[in-house]
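Participant: Let me give you the structure first, and then I'll get to my questions.
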Amino acid sequence: IEKSAKSIIKLGAKAVLIKGGGLKDMKGRDFYLDLNGQRKWFINNFINTQNTHGSGCTLSAAICSYVALGFNLIESIKKSKSFIEKSLEKSYKIGSGPGPLGHHQ
């Protein structure tokens, strides 16, 4: 994951957050790297649910929202990951396939 983040930075990104949720041993772990070399692992509780529909989009929207509110990027990611964790805890099954997050906080 760290090597991949470096490769993405080399392509011109100013910052990268790589989610580890799809990897067996990386659930709840995400890696951040920015152009200045700041690196950070974000580790949250893994919520065992199949109802994850929209979690990536919700995470990116939450990060953007916190940045717009004036938080720096690292703090925005921390707050957003906490929001996602709570939303996964409140997720629910509806229809076929993975259900949505429980965005109501």
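Chain identifiers are assigned as A, B, and so on, following the order in which chains appear in the structure tokens; residues are numbered from 1 within each chain, and ligands are numbered from 1 in order of appearance.
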What are the DSSP strand (DSSP E) residues of chain A, as a PDB file with C-alpha atoms, in the first residue's frame?
Facilitator:
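Result went into selection-v4.pdb, see below:
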ATOM      1  CA  ALA A  15      -2.079  13.698  -1.330  1.00  0.00           C
ATOM      2  CA  VAL A  16      -3.249  10.094  -1.418  1.00  0.00           C
ATOM      3  CA  LEU A  17      -5.459   8.054   0.905  1.00  0.00           C
ATOM      4  CA  ILE A  18      -5.459   4.355   0.094  1.00  0.00           C
ATOM      5  CA  LYS A  19      -8.205   2.295   1.698  1.00  0.00           C
ATOM      6  CA  ARG A  29      -6.712   0.490   8.013  1.00  0.00           C
ATOM      7  CA  ASP A  30      -6.036   3.266   5.519  1.00  0.00           C
ATOM      8  CA  PHE A  31      -2.730   4.841   4.497  1.00  0.00           C
ATOM      9  CA  TYR A  32      -2.129   8.553   3.829  1.00  0.00           C
ATOM     10  CA  LEU A  33       0.838  10.108   2.035  1.00  0.00           C
ATOM     11  CA  ASP A  34       1.279  13.649   0.792  1.00  0.00           C
ATOM     12  CA  ARG A  39       2.625   9.702   6.060  1.00  0.00           C
ATOM     13  CA  LYS A  40       0.050   8.320   8.436  1.00  0.00           C
ATOM     14  CA  TRP A  41      -1.814   5.084   9.013  1.00  0.00           C
ATOM     15  CA  PHE A  42      -5.420   5.562  10.073  1.00  0.00           C
ATOM     16  CA  ILE A  43      -6.685   2.589  12.061  1.00  0.00           C
TER      17      ILE A  43
END
Participant: I need the residues of chain A that end up classed as alpha helix (DSSP H) by DSSP on the backbone, written out as a PyMOL selection string.
Facilitator: chain A and resi 2-10+55-68+73-89
Participant: Can you pull out the residues contacting A:Ile84? Cut-off 9 Å, using only C-alpha atoms, and skip same-chain residues under 4 positions away; I want them as JSON, numbers by chain.
Facilitator: {"A": [55, 58, 59, 62, 79, 80, 88, 89, 101, 103]}
Participant: Out of A:Tyr92, A:Asn72, A:Lys6, A:Leu11, which residue has the shortest atom-to-atom distance to A:His53 when counting only C-alpha atoms?
Facilitator: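 Checking each of A:Tyr92, A:Asn72, A:Lys6, A:Leu11 against A:His53, counting only C-alpha atoms, the winner is A:Tyr92.
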Participant: I need the residue nearest A:Ile94 from this list: A:Lys14, A:Ser4, A:Leu35, A:Gln50. Use only C-alpha atoms for the distance.
Facilitator: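 Closest candidate: A:Gln50.
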Participant: Could you check which of A:Leu69, A:Gln38, A:Lys93, A:Gly21 is closest to A:Lys81, using only C-alpha atoms?
Facilitator: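 Of all the options, A:Gly21 lies closest to A:Lys81.
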Participant: Expressed in Å to a single decimal, how great is the separation between atom CA of A:Ile1 and atom CA of A:Ser87?
Facilitator: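 Value for the atom CA of A:Ile1-atom CA of A:Ser87 distance: 25.0 Å.
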Participant: So what do you get for atom CA of A:Ile63 versus atom CA of A:Asp25, distance-wise?
Facilitator: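 Between these atoms lies a distance of 24.2 Å.
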Participant: With distances taken over only C-alpha atoms, which of A:Leu73, A:Phe46, A:Glu2, A:Lys90 is nearest to A:Lys24?
Facilitator: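 Once distances to A:Lys24 are computed over only C-alpha atoms, the minimum belongs to A:Phe46.
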Participant: Could you tell me how far atom CA of A:Ser7 sits from atom CA of A:Val67, in Å to one decimal place?
Facilitator: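 Result for atom CA of A:Val67 versus atom CA of A:Ser7: 24.5 Å, one decimal.
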